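Here is the structure we will look at.
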Amino acid sequence: MKTVLIHGQNHKGSTYNIGRMIANKITSDDEIVEFFLPKDLNHFCVGCYKCIDNPETCPFYQEKNKIMKEVESAEILIFTTPTYCMRSSAPMKSFIDLTFNYWMSHRPRKCMFSKKAIVVSTAAGTGAKSAVKDVTTALFYWGIPYILSYGISVQAMNWNGVKEKIKQKIEKDTSKIAKKVLSKKNVKVGIKTKVMFMMMRMMQKANFGSGEADKKYWEDKDWLGKNRPWK
Ligand SMILES: Cc1cc2nc3c(=O)[nH]c(=O)nc-3n(C[C@H](O)[C@H](O)[C@H](O)COP(=O)(O)O)c2cc1C
């Protein structure tokens with residue numbers, strides 16, 4: 001089961017270890033692909049909107065596409081981000097910005113509507129929930145119908161500092177998450193995603209979208225007609 005991990009940090013601390021723990025409980029090493037941010041995508045969106053006209057003209061297309069090709073072919077996605085100032089890390093936020101053309105408001109990918117995702121964040125104290133939310137919001141707008149969140153206060157600055165009792169809890173929690181994900185066989189698109197998709201469809205139909213290129217994308221998929229990205 002191909003699993004892609006996107007880490008919102010280069011280092012292998014608590015957040016990385018928890019993400020990896022889940023991945024290892026889901027699948028084997030040879031099915032795991034990992035990306036580290038900013039190492040694998042060291043850019044901020046420059047707001048040029050080139051991705052709206054033609055995604056390949058984004059100044060960072062090559063690096064971005066390397067990651068997104070793997071994301072698109074994965075069955076399960078795992079995102080990890082330490083909680084920084086109550087939110088996701090800056091590299092994770094930058095990744096979200098750089099993939100905004102994948103949102104339902106622009107050019108969602110059909111493959112997203114059948115994926116499963118897990119979002120992990122650790123904080124020393126508080127904020128992990130809002131950090132996780134930064135990512136789950138983006139994944140919802142990508143069209144991913146099944147998203148699990150795991151935000152935890154590890155009361156430490158790094159993995160070595162995490163007390164044994166908390167590690168035991170993490171061990172149990174990650175087993176539960178892996179079991180839940182594996183037992184979810186048929187991922188169905190929920191009402192919230194369907195409503196959002198229909199609103200975006202109406203927007204494209206009424207020419208309130210970002211322009212001709214996005215509208216053509218929707219037309220080519222026949223999403224303005226009877227077709228839908230889910231079964
Ligand atoms: C820049 C920065 C900002 C942080 N902001 C918060 C925060 O808002 N709330 C919190 O509880 N911990 C905060 N922390 C602590 C980390 O979230 C926490 O130690 C986390 O478990 C680190 O994960 P890591 O081991 O994967 O790097 C912050 C740490 C750094 C370096």
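In the structure tokens, chains take the letters A, B, ... in the order shown, each chain's residues start at 1, and ligands count up from 1 in the order shown.
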Taking only C-alpha atoms and all ligand atoms into account, report as a ChimeraX atom specification which residues have an atom no farther than 10 Å from an atom of ligand 1.
-> /A:7-19,80-90,120-128,130-131,151-162
10 Å contact set for Ala213 of chain A, only C-alpha atoms, chain neighbours under 6 positions out, as a count of residues only = 7
All residues 12 Å or closer to Arg228 of chain A, only C-alpha atoms, same chain fewer than 4 positions away omitted, as a ChimeraX atom specification | /A:108-111,113,143,189,193-194,197-198,201,218-224
Just N, CA, C and O atoms for this one: save the residues we selected as a compact mmCIF listing (two decimals), in the first residue's frame.
```
# COMPACT_ATOMS: atom_id res chain seq x y z
N PRO A 108 -9.08 20.54 -8.98
CA PRO A 108 -8.91 19.35 -8.14
C PRO A 108 -8.60 18.12 -8.99
O PRO A 108 -8.99 18.07 -10.16
N ARG A 109 -7.84 17.19 -8.41
CA ARG A 109 -7.49 15.96 -9.14
C ARG A 109 -8.46 14.84 -8.74
O ARG A 109 -8.72 14.64 -7.55
N LYS A 110 -8.92 14.13 -9.75
CA LYS A 110 -9.87 13.03 -9.52
C LYS A 110 -9.33 12.03 -8.47
O LYS A 110 -10.05 11.57 -7.60
N CYS A 111 -8.03 11.74 -8.57
CA CYS A 111 -7.43 10.72 -7.70
C CYS A 111 -7.57 11.07 -6.21
O CYS A 111 -7.57 10.19 -5.35
N PHE A 113 -10.09 12.12 -4.62
CA PHE A 113 -11.40 11.83 -4.05
C PHE A 113 -11.55 10.38 -3.57
O PHE A 113 -12.64 9.95 -3.22
N GLY A 143 -10.01 17.64 -1.90
CA GLY A 143 -11.04 16.65 -2.19
C GLY A 143 -10.87 15.34 -1.45
O GLY A 143 -11.63 14.39 -1.68
N VAL A 189 -16.99 9.53 -0.69
CA VAL A 189 -17.02 10.99 -0.59
C VAL A 189 -18.24 11.42 0.21
O VAL A 189 -19.36 11.01 -0.07
N THR A 193 -17.99 17.32 1.25
CA THR A 193 -17.14 17.44 0.05
C THR A 193 -18.02 17.62 -1.19
O THR A 193 -17.72 18.44 -2.07
N LYS A 194 -19.12 16.85 -1.24
CA LYS A 194 -20.00 16.95 -2.40
C LYS A 194 -20.60 18.35 -2.52
O LYS A 194 -20.65 18.92 -3.61
N PHE A 197 -17.91 20.73 -3.69
CA PHE A 197 -17.65 20.51 -5.12
C PHE A 197 -18.75 21.16 -5.97
O PHE A 197 -18.46 21.84 -6.97
N MET A 198 -20.01 20.97 -5.56
CA MET A 198 -21.13 21.53 -6.32
C MET A 198 -21.11 23.07 -6.31
O MET A 198 -21.44 23.71 -7.30
N ARG A 201 -18.48 24.06 -8.69
CA ARG A 201 -18.98 23.77 -10.04
C ARG A 201 -19.90 24.92 -10.51
O ARG A 201 -19.77 25.41 -11.64
N TRP A 218 -12.39 22.08 -16.01
CA TRP A 218 -13.66 21.50 -15.53
C TRP A 218 -14.49 20.95 -16.70
O TRP A 218 -15.08 19.88 -16.60
N GLU A 219 -14.48 21.70 -17.79
CA GLU A 219 -15.24 21.26 -18.98
C GLU A 219 -14.66 19.98 -19.55
O GLU A 219 -15.40 19.05 -19.88
N ASP A 220 -13.33 19.93 -19.65
CA ASP A 220 -12.66 18.75 -20.22
C ASP A 220 -12.98 17.49 -19.42
O ASP A 220 -12.99 16.39 -19.93
N LYS A 221 -13.19 17.65 -18.11
CA LYS A 221 -13.50 16.49 -17.25
C LYS A 221 -14.99 16.17 -17.28
O LYS A 221 -15.44 15.25 -16.61
N ASP A 222 -15.73 17.03 -17.96
CA ASP A 222 -17.20 16.96 -17.99
C ASP A 222 -17.81 17.13 -16.59
O ASP A 222 -18.89 16.65 -16.31
N TRP A 223 -17.11 17.86 -15.74
CA TRP A 223 -17.64 18.12 -14.39
C TRP A 223 -18.72 19.20 -14.42
O TRP A 223 -19.48 19.34 -13.47
N LEU A 224 -18.75 19.98 -15.51
CA LEU A 224 -19.83 20.97 -15.63
C LEU A 224 -21.06 20.28 -16.23
O LEU A 224 -22.16 20.81 -16.23
```
Which of these, A:Ile67, A:Ile144, A:Ile76, A:Leu37, has the shortest distance to Lys93 of chain A once you count only C-alpha atoms?
->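 The closest residue to Lys93 of chain A is A:Leu37.
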Selected residue of minimal separation from Ala23 of chain A among A:Phe44, A:Phe79, A:Tyr61, A:Phe36, counting only C-alpha atoms =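 Of A:Phe44, A:Phe79, A:Tyr61, A:Phe36, the one nearest Ala23 of chain A, counting only C-alpha atoms, is A:Phe79.
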Record the distance separating atom CA of Pro55 of chain A and atom CA of Lys116 of chain A, expressed in Å with one decimal.
->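 A separation of 24.5 Å between them.
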Per DSSP on the backbone, what are the alpha helix (DSSP H) residues of chain A, as an NGL selection string?
-> :A and (14-26 or 50-53 or 61-73 or 90-98 or 128-142 or 164-183 or 191-205 or 212-220)
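Using only C-alpha atoms, the nearest neighbour of Val187 of chain A within the list A:Ala138, A:Ala117, A:Ala206, A:Ile32 is A:Ala117.
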Option closest in space to Asp214 of chain A, from A:Lys129, A:Met200, A:Ser149, A:Asn24 [counting only C-alpha atoms] =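 Looking at the shortest contact to Asp214 of chain A, the residue is A:Met200.
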In segment 31-101 of chain A, what's strand (DSSP E) per DSSP? Answer as an MDAnalysis selection string?
-> chainID A and resid 32:36 76:82
Straight-line distance linking atom CA of Tyr102 of chain A with atom CA of Phe140 of chain A, stated in Å to one decimal = 10.7 Å
